[in-house]
file entry_8.json (JSON, C-alpha atoms)
[["chain", "number", "residue", "atom", "x", "y", "z"],
["P", 51, "MET", "CA", -105.88, -37.28, 271.78],
["P", 52, "ARG", "CA", -103.43, -36.36, 274.53],
["P", 53, "ILE", "CA", -104.27, -39.50, 276.55],
["P", 54, "ARG", "CA", -103.80, -41.64, 273.45],
["P", 55, "VAL", "CA", -100.31, -40.21, 272.80],
["P", 56, "LEU", "CA", -99.39, -40.64, 276.46],
["P", 57, "GLY", "CA", -100.64, -44.25, 276.38],
["P", 58, "ASN", "CA", -98.58, -44.98, 273.25],
["P", 59, "LEU", "CA", -95.46, -43.55, 274.92],
["P", 60, "VAL", "CA", -96.01, -45.72, 278.01],
["P", 61, "VAL", "CA", -96.44, -48.84, 275.82],
["P", 62, "LEU", "CA", -93.30, -47.92, 273.83],
["P", 63, "ALA", "CA", -91.26, -47.36, 277.02],
["P", 64, "ALA", "CA", -92.48, -50.67, 278.50],
["P", 65, "THR", "CA", -91.56, -52.48, 275.25],
["P", 66, "VAL", "CA", -88.07, -50.96, 275.21],
["P", 67, "ALA", "CA", -87.53, -51.83, 278.89],
["P", 68, "LEU", "CA", -88.75, -55.39, 278.37],
["P", 69, "SER", "CA", -86.57, -55.86, 275.27],
["P", 70, "TYR", "CA", -83.51, -54.52, 277.08],
["P", 71, "GLY", "CA", -84.20, -56.76, 280.08],
["P", 72, "MET", "CA", -84.50, -59.82, 277.84],
["P", 73, "GLN", "CA", -81.24, -58.93, 276.07],
["P", 74, "VAL", "CA", -79.11, -58.52, 279.19],
["P", 75, "THR", "CA", -80.52, -61.54, 281.04],
["P", 76, "LYS", "CA", -80.29, -64.11, 278.24],
["P", 77, "PRO", "CA", -77.49, -66.69, 278.55],
["P", 78, "HIS", "CA", -74.41, -66.03, 276.46],
["P", 79, "TYR", "CA", -73.69, -68.48, 273.63],
["P", 80, "ALA", "CA", -70.48, -69.58, 275.38],
["P", 81, "ASP", "CA", -72.53, -70.48, 278.46],
["P", 82, "LEU", "CA", -75.08, -72.42, 276.42],
["P", 83, "THR", "CA", -72.37, -74.53, 274.76],
["P", 84, "ALA", "CA", -69.99, -74.73, 277.74],
["P", 85, "PRO", "CA", -68.70, -78.11, 278.94],
["P", 86, "ILE", "CA", -71.07, -80.04, 281.19],
["P", 87, "PRO", "CA", -69.47, -80.25, 284.66],
["P", 88, "VAL", "CA", -69.15, -83.54, 286.54],
["P", 89, "ASP", "CA", -68.07, -82.76, 290.10],
["P", 90, "GLY", "CA", -65.91, -84.91, 292.35],
["P", 91, "THR", "CA", -63.26, -84.87, 295.07],
["P", 92, "MET", "CA", -59.70, -86.12, 295.43],
["P", 93, "HIS", "CA", -59.24, -89.90, 295.59],
["P", 94, "ASP", "CA", -62.71, -90.52, 294.11],
["P", 95, "THR", "CA", -63.24, -91.66, 290.54],
["P", 96, "VAL", "CA", -65.08, -89.04, 288.48],
["P", 97, "HIS", "CA", -67.05, -90.48, 285.57],
["P", 98, "ALA", "CA", -67.12, -88.13, 282.59],
["P", 99, "ARG", "CA", -68.78, -89.05, 279.30],
["P", 100, "SER", "CA", -65.79, -90.62, 277.53],
["P", 101, "PHE", "CA", -63.28, -91.10, 280.37],
["P", 102, "ASP", "CA", -62.87, -91.72, 284.10],
["P", 103, "VAL", "CA", -60.34, -89.82, 286.18],
["P", 104, "ARG", "CA", -59.10, -90.09, 289.75],
["P", 105, "LEU", "CA", -56.90, -87.37, 291.24],
["P", 106, "ASP", "CA", -54.43, -89.19, 293.48],
["P", 107, "LYS", "CA", -51.77, -86.72, 294.46],
["P", 108, "VAL", "CA", -50.78, -83.05, 294.25],
["P", 109, "ILE", "CA", -47.18, -82.10, 294.94],
["P", 110, "PHE", "CA", -46.12, -78.49, 295.36],
["P", 111, "ALA", "CA", -42.54, -77.38, 294.73],
["P", 112, "ARG", "CA", -40.58, -74.18, 294.33],
["P", 113, "GLN", "CA", -38.37, -75.60, 291.57],
["P", 114, "LEU", "CA", -38.94, -78.34, 289.02],
["P", 115, "LYS", "CA", -36.16, -80.56, 287.76],
["P", 116, "THR", "CA", -36.57, -82.27, 284.41],
["P", 117, "ASN", "CA", -34.54, -83.83, 281.63],
["P", 118, "GLN", "CA", -35.08, -82.17, 278.26],
["P", 119, "PHE", "CA", -33.27, -83.42, 275.17],
["P", 120, "GLY", "CA", -30.62, -85.13, 277.27],
["P", 121, "GLN", "CA", -29.93, -82.05, 279.39],
["P", 122, "GLU", "CA", -31.01, -81.54, 282.97],
["P", 123, "LYS", "CA", -33.05, -78.37, 283.46],
["P", 124, "LEU", "CA", -34.08, -76.62, 286.67],
["P", 125, "LEU", "CA", -37.23, -74.57, 286.18],
["P", 126, "THR", "CA", -38.28, -71.83, 288.59],
["P", 127, "THR", "CA", -41.53, -69.91, 288.86],
["P", 128, "SER", "CA", -42.77, -66.81, 290.65],
["P", 129, "GLY", "CA", -45.51, -68.94, 292.29],
["P", 130, "LEU", "CA", -45.45, -72.66, 293.03],
["P", 131, "TRP", "CA", -45.28, -75.67, 290.77],
["P", 132, "ALA", "CA", -48.31, -77.92, 291.19],
["P", 133, "VAL", "CA", -47.64, -81.44, 289.91],
["P", 134, "VAL", "CA", -50.94, -83.32, 289.73],
["P", 135, "THR", "CA", -50.91, -87.11, 289.40],
["P", 136, "THR", "CA", -54.06, -88.76, 288.05],
["P", 137, "ASN", "CA", -55.25, -92.19, 287.00],
["P", 138, "LEU", "CA", -57.10, -92.10, 283.68],
["P", 139, "THR", "CA", -59.12, -94.65, 281.73],
["P", 140, "ALA", "CA", -61.52, -94.52, 278.79],
["P", 141, "THR", "CA", -65.13, -95.61, 279.29],
["P", 142, "ALA", "CA", -66.37, -97.15, 276.02],
["P", 143, "ALA", "CA", -63.78, -96.47, 273.32],
["P", 144, "SER", "CA", -60.18, -95.30, 273.13],
["P", 145, "THR", "CA", -59.96, -91.55, 273.54],
["P", 146, "THR", "CA", -57.57, -88.71, 274.21],
["P", 147, "ILE", "CA", -57.58, -86.44, 277.24],
["P", 148, "ALA", "CA", -55.99, -83.22, 276.13],
["P", 149, "ASP", "CA", -56.92, -80.45, 278.53],
["P", 150, "GLY", "CA", -56.18, -79.77, 282.16],
["P", 151, "THR", "CA", -56.83, -76.48, 283.94],
["P", 152, "TRP", "CA", -56.25, -75.35, 287.53],
["P", 153, "GLN", "CA", -59.12, -73.16, 288.73],
["P", 154, "GLY", "CA", -58.33, -71.13, 291.82],
["P", 155, "PRO", "CA", -60.84, -70.22, 294.54],
["P", 156, "THR", "CA", -61.41, -66.80, 292.93],
["P", 157, "GLY", "CA", -62.26, -68.35, 289.55],
["P", 158, "LEU", "CA", -58.92, -67.56, 287.92],
["P", 159, "ARG", "CA", -57.80, -70.35, 285.58],
["P", 160, "TYR", "CA", -54.27, -71.56, 284.93],
["P", 161, "HIS", "CA", -53.64, -73.83, 281.96],
["P", 162, "GLN", "CA", -50.97, -76.50, 281.90],
["P", 163, "THR", "CA", -47.48, -75.15, 281.64],
["P", 164, "GLU", "CA", -45.93, -75.19, 278.20],
["P", 165, "ARG", "CA", -42.40, -74.82, 279.54],
["P", 166, "LEU", "CA", -41.84, -78.58, 279.75],
["P", 167, "GLY", "CA", -42.27, -79.31, 276.04],
["P", 168, "TYR", "CA", -43.37, -82.79, 275.01],
["P", 169, "ARG", "CA", -43.32, -85.58, 277.60],
["P", 170, "GLN", "CA", -44.99, -89.00, 277.37],
["P", 171, "ASP", "CA", -46.57, -88.64, 280.81],
["P", 172, "MET", "CA", -48.06, -85.20, 280.02],
["P", 173, "PRO", "CA", -51.14, -84.33, 277.89],
["P", 174, "PRO", "CA", -52.41, -85.33, 275.48],
["P", 175, "HIS", "CA", -53.04, -88.65, 277.23],
["P", 176, "GLY", "CA", -54.23, -91.51, 275.02],
["P", 177, "VAL", "CA", -56.36, -93.87, 277.14],
["P", 178, "ASP", "CA", -58.13, -97.16, 276.49],
["P", 179, "PRO", "CA", -61.13, -98.83, 278.16],
["P", 180, "GLY", "CA", -60.25, -100.98, 281.15],
["P", 181, "LEU", "CA", -56.58, -99.91, 281.22],
["P", 182, "GLU", "CA", -55.60, -97.34, 283.84],
["P", 183, "LYS", "CA", -52.91, -94.89, 282.83],
["P", 184, "ARG", "CA", -50.97, -92.54, 285.07],
["P", 185, "GLY", "CA", -51.17, -88.99, 283.78],
["P", 186, "LEU", "CA", -49.42, -85.85, 284.94],
["P", 187, "PHE", "CA", -50.73, -82.30, 284.73],
["P", 188, "VAL", "CA", -48.26, -79.56, 285.70],
["P", 189, "PHE", "CA", -49.24, -75.98, 286.55],
["P", 190, "GLU", "CA", -47.61, -72.78, 287.73],
["P", 191, "VAL", "CA", -49.97, -71.25, 290.31],
["P", 192, "PRO", "CA", -49.78, -68.40, 292.82],
["P", 193, "PRO", "CA", -49.85, -69.66, 296.43],
["P", 194, "ASP", "CA", -53.13, -67.84, 297.13],
["P", 195, "GLN", "CA", -54.89, -69.85, 294.38],
["P", 196, "ILE", "CA", -54.47, -73.25, 296.07],
["P", 197, "ASP", "CA", -56.85, -73.47, 299.01],
["P", 198, "GLY", "CA", -60.30, -74.16, 297.53],
["P", 199, "ALA", "CA", -58.99, -74.87, 294.02],
["P", 200, "ARG", "CA", -60.43, -77.31, 291.47],
["P", 201, "LEU", "CA", -58.83, -79.32, 288.70],
["P", 202, "LEU", "CA", -60.75, -79.22, 285.41],
["P", 203, "ILE", "CA", -60.07, -82.09, 283.00],
["P", 204, "SER", "CA", -61.59, -82.40, 279.53],
["P", 205, "ALA", "CA", -61.11, -84.64, 276.53],
["P", 206, "ARG", "CA", -60.60, -81.61, 274.30],
["P", 207, "GLN", "CA", -59.37, -78.10, 274.93],
["P", 208, "PHE", "CA", -62.48, -76.62, 273.31],
["P", 209, "GLY", "CA", -65.16, -79.24, 273.88],
["P", 210, "PRO", "CA", -68.61, -77.65, 273.71],
["P", 211, "LEU", "CA", -71.38, -79.71, 275.28],
["P", 212, "ASP", "CA", -68.91, -82.40, 276.35],
["P", 213, "ALA", "CA", -68.33, -83.55, 279.93],
["P", 214, "GLN", "CA", -65.67, -81.86, 282.05],
["P", 215, "ALA", "CA", -64.42, -83.43, 285.28],
["P", 216, "ARG", "CA", -64.24, -80.80, 288.06],
["P", 217, "ILE", "CA", -62.29, -82.22, 290.97],
["P", 218, "SER", "CA", -61.97, -80.32, 294.25],
["P", 219, "VAL", "CA", -58.37, -80.19, 295.43],
["P", 220, "ASP", "CA", -59.48, -80.68, 299.01],
["P", 221, "GLY", "CA", -57.01, -83.30, 300.22],
["P", 222, "VAL", "CA", -54.08, -80.88, 300.42],
["P", 223, "PRO", "CA", -53.08, -79.87, 303.96],
["P", 224, "THR", "CA", -52.90, -76.06, 304.15],
["P", 225, "GLY", "CA", -51.85, -73.64, 306.86],
["P", 226, "THR", "CA", -53.87, -70.78, 308.31],
["P", 227, "ASP", "CA", -52.72, -68.57, 305.43],
["P", 228, "GLY", "CA", -54.29, -70.99, 302.90],
["P", 229, "GLN", "CA", -50.94, -72.07, 301.49],
["P", 230, "PRO", "CA", -49.88, -75.73, 301.34],
["P", 231, "VAL", "CA", -47.96, -77.05, 304.33],
["P", 232, "ASP", "CA", -45.76, -79.46, 302.35],
["P", 233, "VAL", "CA", -43.87, -77.48, 299.71],
["P", 234, "LEU", "CA", -40.77, -79.17, 298.38],
["P", 235, "PRO", "CA", -37.76, -76.97, 297.57],
["P", 236, "GLU", "CA", -37.24, -79.07, 294.41],
["P", 237, "TYR", "CA", -39.17, -81.84, 292.68],
["P", 238, "ASP", "CA", -37.68, -84.19, 290.09],
["P", 239, "LEU", "CA", -40.24, -85.05, 287.39],
["P", 240, "ASP", "CA", -38.11, -87.96, 286.18],
["P", 241, "ALA", "CA", -37.76, -89.59, 289.61],
["P", 242, "PRO", "CA", -39.86, -92.67, 290.47],
["P", 243, "PRO", "CA", -43.49, -91.74, 291.24],
["P", 244, "LEU", "CA", -43.23, -92.58, 294.99],
["P", 245, "GLN", "CA", -41.62, -89.21, 295.75],
["P", 246, "GLY", "CA", -43.57, -86.52, 297.65],
["P", 247, "LYS", "CA", -46.74, -86.45, 299.73],
["P", 248, "THR", "CA", -50.41, -86.27, 298.96]]
call {"tool": "encode", "arguments": {"input": "entry_8.json", "output": "structure tokens"}}
result
Amino acid sequence: MRIRVLGNLVVLAATVALSYGMQVTKPHYADLTAPIPVDGTMHDTVHARSFDVRLDKVIFARQLKTNQFGQEKLLTTSGLWAVVTTNLTATAASTTIADGTWQGPTGLRYHQTERLGYRQDMPPHGVDPGLEKRGLFVFEVPPDQIDGARLLISARQFGPLDAQARISVDGVPTGTDGQPVDVLPEYDLDAPPLQGKT
């Protein structure tokens, strides 16, 4: 009788341990329905499901100059402004590219700044097949989140099971401290697109 009770307790403990192990090791629902990453590097075209994107240039500045509602504004930040220039095109049908996120080397994510309001060259970007469109994504990032960063671009802000372009920001010259070498004191968003360095 005593061996039978002991055997039942061992089986019960093994069942509880197995159930707990299965619970803590199963993928979370958010992971199961997360966007499907498509990796790439700067200056290469990344082919997502409904759009293609090429990251051409990243400009870092301490201040950002822009024209809002007929008034010139000078925006400052505690970090750096990262102005990302991309070329976008749709693959099969017209689509919208609405989401851009800067992911630092530690995994921290910075969404597009909302301080600029609506601009035609900022998301959401409406794109058509065969027609390249220049698109800007602007972020406020700490200097230590630049070296080893990635740009994440999606058609929708919450796009489960849709493709997400993950582009390594590896073409930016950085110093030994990991911070960009070419930081402009001020960048004019309304100036012609030839300004700044890659």
call {"tool": "atom_distance", "arguments": {"input": "entry_8.json", "atom1": "atom CA of Ser128 of chain P", "atom2": "atom CA of Tyr160 of chain P"}}
result
13.7 Å
call {"tool": "closest_residue", "arguments": {"input": "entry_8.json", "among": "P:Ala213, P:Ala64, P:Val233, P:Ile196", "to": "Gly157 of chain P", "atoms": "all atoms listed in the file"}}
result
P:Ile196
call {"tool": "axis_aligned_box", "arguments": {"input": "entry_8.json", "around": "segment 205-219 of chain P", "padding_each_side": "5 Å", "output": "AutoDock Vina command-line options"}}
result
--center_x -64.9 --center_y -80.6 --center_z 284.4 --size_x 23.0 --size_y 18.0 --size_z 32.1
call {"tool": "atom_distance", "arguments": {"input": "entry_8.json", "atom1": "atom CA of Asp197 of chain P", "atom2": "atom CA of Ala215 of chain P"}}
result
18.6 Å
call {"tool": "closest_atom_pairs", "arguments": {"input": "entry_8.json", "of": "segment 164-195 of chain P", "to": "segment 142-145 of chain P", "cutoff": "7 Å", "atoms": "all atoms listed in the file", "output": "CSV"}}
result
residue,atom,partner,partner_atom,distance
P:Gly176,CA,P:Thr145,CA,5.9
P:Val177,CA,P:Thr145,CA,5.6
P:Asp178,CA,P:Ser144,CA,4.4
P:Pro179,CA,P:Ala142,CA,5.9
call {"tool": "closest_residue", "arguments": {"input": "entry_8.json", "among": "P:Lys183, P:Arg52, P:His97, P:Arg104", "to": "Leu201 of chain P", "atoms": "all atoms listed in the file"}}
result
P:Arg104
call {"tool": "atom_distance", "arguments": {"input": "entry_8.json", "atom1": "atom CA of His175 of chain P", "atom2": "atom CA of Thr146 of chain P"}}
result
5.4 Å
call {"tool": "residues_around", "arguments": {"input": "entry_8.json", "residues": "Ile217 of chain P", "least_positions_apart": "3", "cutoff": "8 Å", "atoms": "only C-alpha atoms", "output": "PDB file with C-alpha atoms, in the frame of the given file"}}
result
ATOM      1  CA  ASP P  89     -68.070 -82.760 290.100  1.00  0.00           C
ATOM      2  CA  GLY P  90     -65.910 -84.910 292.350  1.00  0.00           C
ATOM      3  CA  THR P  91     -63.260 -84.870 295.070  1.00  0.00           C
ATOM      4  CA  MET P  92     -59.700 -86.120 295.430  1.00  0.00           C
ATOM      5  CA  VAL P  96     -65.080 -89.040 288.480  1.00  0.00           C
ATOM      6  CA  LEU P 105     -56.900 -87.370 291.240  1.00  0.00           C
ATOM      7  CA  ARG P 200     -60.430 -77.310 291.470  1.00  0.00           C
ATOM      8  CA  LEU P 201     -58.830 -79.320 288.700  1.00  0.00           C
ATOM      9  CA  LEU P 202     -60.750 -79.220 285.410  1.00  0.00           C
TER      10      LEU P 202
END
call {"tool": "residues_around", "arguments": {"input": "entry_8.json", "residues": "Lys115 of chain P", "least_positions_apart": "3", "cutoff": "8 Å", "atoms": "only C-alpha atoms", "output": "ChimeraX atom specification"}}
result
/P:122-125,236-240
call {"tool": "write_last_selection", "arguments": {"input": "entry_8.json", "atoms": "C-alpha atoms", "output": "PDB file, in the coordinates of the input"}}
result
ATOM      1  CA  GLU P 122     -31.010 -81.540 282.970  1.00  0.00           C
ATOM      2  CA  LYS P 123     -33.050 -78.370 283.460  1.00  0.00           C
ATOM      3  CA  LEU P 124     -34.080 -76.620 286.670  1.00  0.00           C
ATOM      4  CA  LEU P 125     -37.230 -74.570 286.180  1.00  0.00           C
ATOM      5  CA  GLU P 236     -37.240 -79.070 294.410  1.00  0.00           C
ATOM      6  CA  TYR P 237     -39.170 -81.840 292.680  1.00  0.00           C
ATOM      7  CA  ASP P 238     -37.680 -84.190 290.090  1.00  0.00           C
ATOM      8  CA  LEU P 239     -40.240 -85.050 287.390  1.00  0.00           C
ATOM      9  CA  ASP P 240     -38.110 -87.960 286.180  1.00  0.00           C
TER      10      ASP P 240
END
call {"tool": "closest_residue", "arguments": {"input": "entry_8.json", "among": "P:Pro173, P:Gly154, P:Pro242, P:Pro235", "to": "Leu114 of chain P", "atoms": "only C-alpha atoms"}}
result
P:Pro235
call {"tool": "residues_around", "arguments": {"input": "entry_8.json", "residues": "Asp212 of chain P", "least_positions_apart": "5", "cutoff": "9 Å", "atoms": "all atoms listed in the file", "output": "short mmCIF file (atom, residue, chain, number, x, y, z; two decimals) with C-alpha atoms, in the frame of the given file"}}
result
data_model
loop_
_atom_site.label_atom_id
_atom_site.label_comp_id
_atom_site.auth_asym_id
_atom_site.auth_seq_id
_atom_site.Cartn_x
_atom_site.Cartn_y
_atom_site.Cartn_z
CA THR P 83 -72.37 -74.53 274.76
CA ALA P 84 -69.99 -74.73 277.74
CA PRO P 85 -68.70 -78.11 278.94
CA ILE P 86 -71.07 -80.04 281.19
CA PRO P 87 -69.47 -80.25 284.66
CA ALA P 98 -67.12 -88.13 282.59
CA ARG P 99 -68.78 -89.05 279.30
CA SER P 100 -65.79 -90.62 277.53
CA SER P 204 -61.59 -82.40 279.53
CA ALA P 205 -61.11 -84.64 276.53
CA ARG P 206 -60.60 -81.61 274.30
#
call {"tool": "closest_residue", "arguments": {"input": "entry_8.json", "among": "P:Arg165, P:Val219, P:Phe189, P:Glu182", "to": "Val133 of chain P", "atoms": "only C-alpha atoms"}}
result
P:Phe189
call {"tool": "closest_residue", "arguments": {"input": "entry_8.json", "among": "P:Ala111, P:Ala148, P:Pro193, P:Phe101", "to": "Asp227 of chain P", "atoms": "only C-alpha atoms"}}
result
P:Pro193
call {"tool": "closest_residue", "arguments": {"input": "entry_8.json", "among": "P:Ala132, P:Ile203, P:Leu59, P:Val231", "to": "Phe110 of chain P", "atoms": "all atoms listed in the file"}}
result
P:Ala132
call {"tool": "residues_around", "arguments": {"input": "entry_8.json", "residues": "Leu234 of chain P", "least_positions_apart": "6", "cutoff": "10 Å", "atoms": "only C-alpha atoms", "output": "list in words"}}
result
Ile109, Phe110, Ala111, Arg112, Gln113, Leu114, Leu130, Trp131, Gly246 and Lys247 of chain P
call {"tool": "residues_near_point", "arguments": {"input": "entry_8.json", "point": "(-46.3, -72.0, 286.0)", "cutoff": "6 Å", "atoms": "only C-alpha atoms", "output": "PyMOL selection string"}}
result
chain P and resi 127+163+189-191
call {"tool": "residues_around", "arguments": {"input": "entry_8.json", "residues": "Met172 of chain P", "least_positions_apart": "3", "cutoff": "7 Å", "atoms": "only C-alpha atoms", "output": "list in words"}}
result
Arg169, His175, Gly185, Leu186 and Phe187 of chain P
call {"tool": "build_atoms", "arguments": {"input": "entry_8.json", "residues": "segment 234-244 of chain P", "atoms": "all heavy atoms", "output": "compact mmCIF listing (two decimals), in the frame of the given file"}}
result
# COMPACT_ATOMS: atom_id res chain seq x y z
N LEU P 234 -42.13 -78.69 298.57
CA LEU P 234 -40.77 -79.17 298.38
C LEU P 234 -39.91 -78.06 297.78
O LEU P 234 -40.38 -77.30 296.94
CB LEU P 234 -40.76 -80.37 297.44
CG LEU P 234 -41.58 -81.59 297.88
CD1 LEU P 234 -41.57 -82.65 296.78
CD2 LEU P 234 -41.01 -82.17 299.15
N PRO P 235 -38.64 -77.97 298.20
CA PRO P 235 -37.76 -76.97 297.57
C PRO P 235 -37.51 -77.31 296.10
O PRO P 235 -37.36 -76.42 295.27
CB PRO P 235 -36.47 -77.04 298.38
CG PRO P 235 -36.57 -78.27 299.21
CD PRO P 235 -38.00 -78.68 299.29
N GLU P 236 -37.49 -78.64 295.80
CA GLU P 236 -37.24 -79.07 294.41
C GLU P 236 -37.92 -80.41 294.19
O GLU P 236 -37.94 -81.26 295.07
CB GLU P 236 -35.73 -79.19 294.19
CG GLU P 236 -35.35 -79.63 292.81
CD GLU P 236 -33.83 -79.74 292.67
OE1 GLU P 236 -33.14 -78.72 292.87
OE2 GLU P 236 -33.35 -80.85 292.39
N TYR P 237 -38.52 -80.58 293.01
CA TYR P 237 -39.17 -81.84 292.68
C TYR P 237 -38.63 -82.31 291.34
O TYR P 237 -38.57 -81.55 290.37
CB TYR P 237 -40.68 -81.67 292.60
CG TYR P 237 -41.39 -82.97 292.26
CD1 TYR P 237 -41.52 -83.97 293.20
CD2 TYR P 237 -41.92 -83.18 290.99
CE1 TYR P 237 -42.15 -85.16 292.89
CE2 TYR P 237 -42.56 -84.36 290.68
CZ TYR P 237 -42.67 -85.35 291.63
OH TYR P 237 -43.29 -86.53 291.32
N ASP P 238 -38.23 -83.58 291.30
CA ASP P 238 -37.68 -84.19 290.09
C ASP P 238 -38.79 -84.92 289.35
O ASP P 238 -39.31 -85.93 289.83
CB ASP P 238 -36.55 -85.15 290.46
CG ASP P 238 -35.80 -85.68 289.25
OD1 ASP P 238 -36.23 -85.39 288.10
OD2 ASP P 238 -34.80 -86.37 289.44
N LEU P 239 -39.16 -84.42 288.18
CA LEU P 239 -40.24 -85.05 287.39
C LEU P 239 -39.86 -86.42 286.87
O LEU P 239 -40.72 -87.24 286.56
CB LEU P 239 -40.59 -84.15 286.19
CG LEU P 239 -41.68 -83.13 286.38
CD1 LEU P 239 -41.90 -82.37 285.09
CD2 LEU P 239 -42.96 -83.74 286.87
N ASP P 240 -38.56 -86.69 286.74
CA ASP P 240 -38.11 -87.96 286.18
C ASP P 240 -37.79 -88.99 287.25
O ASP P 240 -37.40 -90.11 286.93
CB ASP P 240 -36.89 -87.72 285.29
CG ASP P 240 -37.21 -86.77 284.16
OD1 ASP P 240 -38.21 -87.03 283.45
OD2 ASP P 240 -36.51 -85.75 284.00
N ALA P 241 -37.98 -88.64 288.52
CA ALA P 241 -37.76 -89.59 289.61
C ALA P 241 -38.91 -90.58 289.66
O ALA P 241 -39.99 -90.32 289.12
CB ALA P 241 -37.62 -88.85 290.93
N PRO P 242 -38.74 -91.72 290.32
CA PRO P 242 -39.86 -92.67 290.47
C PRO P 242 -41.07 -91.99 291.11
O PRO P 242 -40.92 -91.08 291.92
CB PRO P 242 -39.28 -93.76 291.38
CG PRO P 242 -37.81 -93.66 291.23
CD PRO P 242 -37.51 -92.22 290.93
N PRO P 243 -42.28 -92.43 290.79
CA PRO P 243 -43.49 -91.74 291.24
C PRO P 243 -43.80 -91.82 292.73
O PRO P 243 -44.78 -91.27 293.16
CB PRO P 243 -44.61 -92.42 290.44
CG PRO P 243 -44.05 -93.69 289.96
CD PRO P 243 -42.59 -93.51 289.88
N LEU P 244 -42.97 -92.47 293.55
CA LEU P 244 -43.23 -92.58 294.99
C LEU P 244 -42.83 -91.33 295.75
O LEU P 244 -43.12 -91.18 296.92
CB LEU P 244 -42.49 -93.78 295.56
CG LEU P 244 -42.91 -95.14 295.00
CD1 LEU P 244 -42.02 -96.23 295.52
CD2 LEU P 244 -44.36 -95.43 295.34
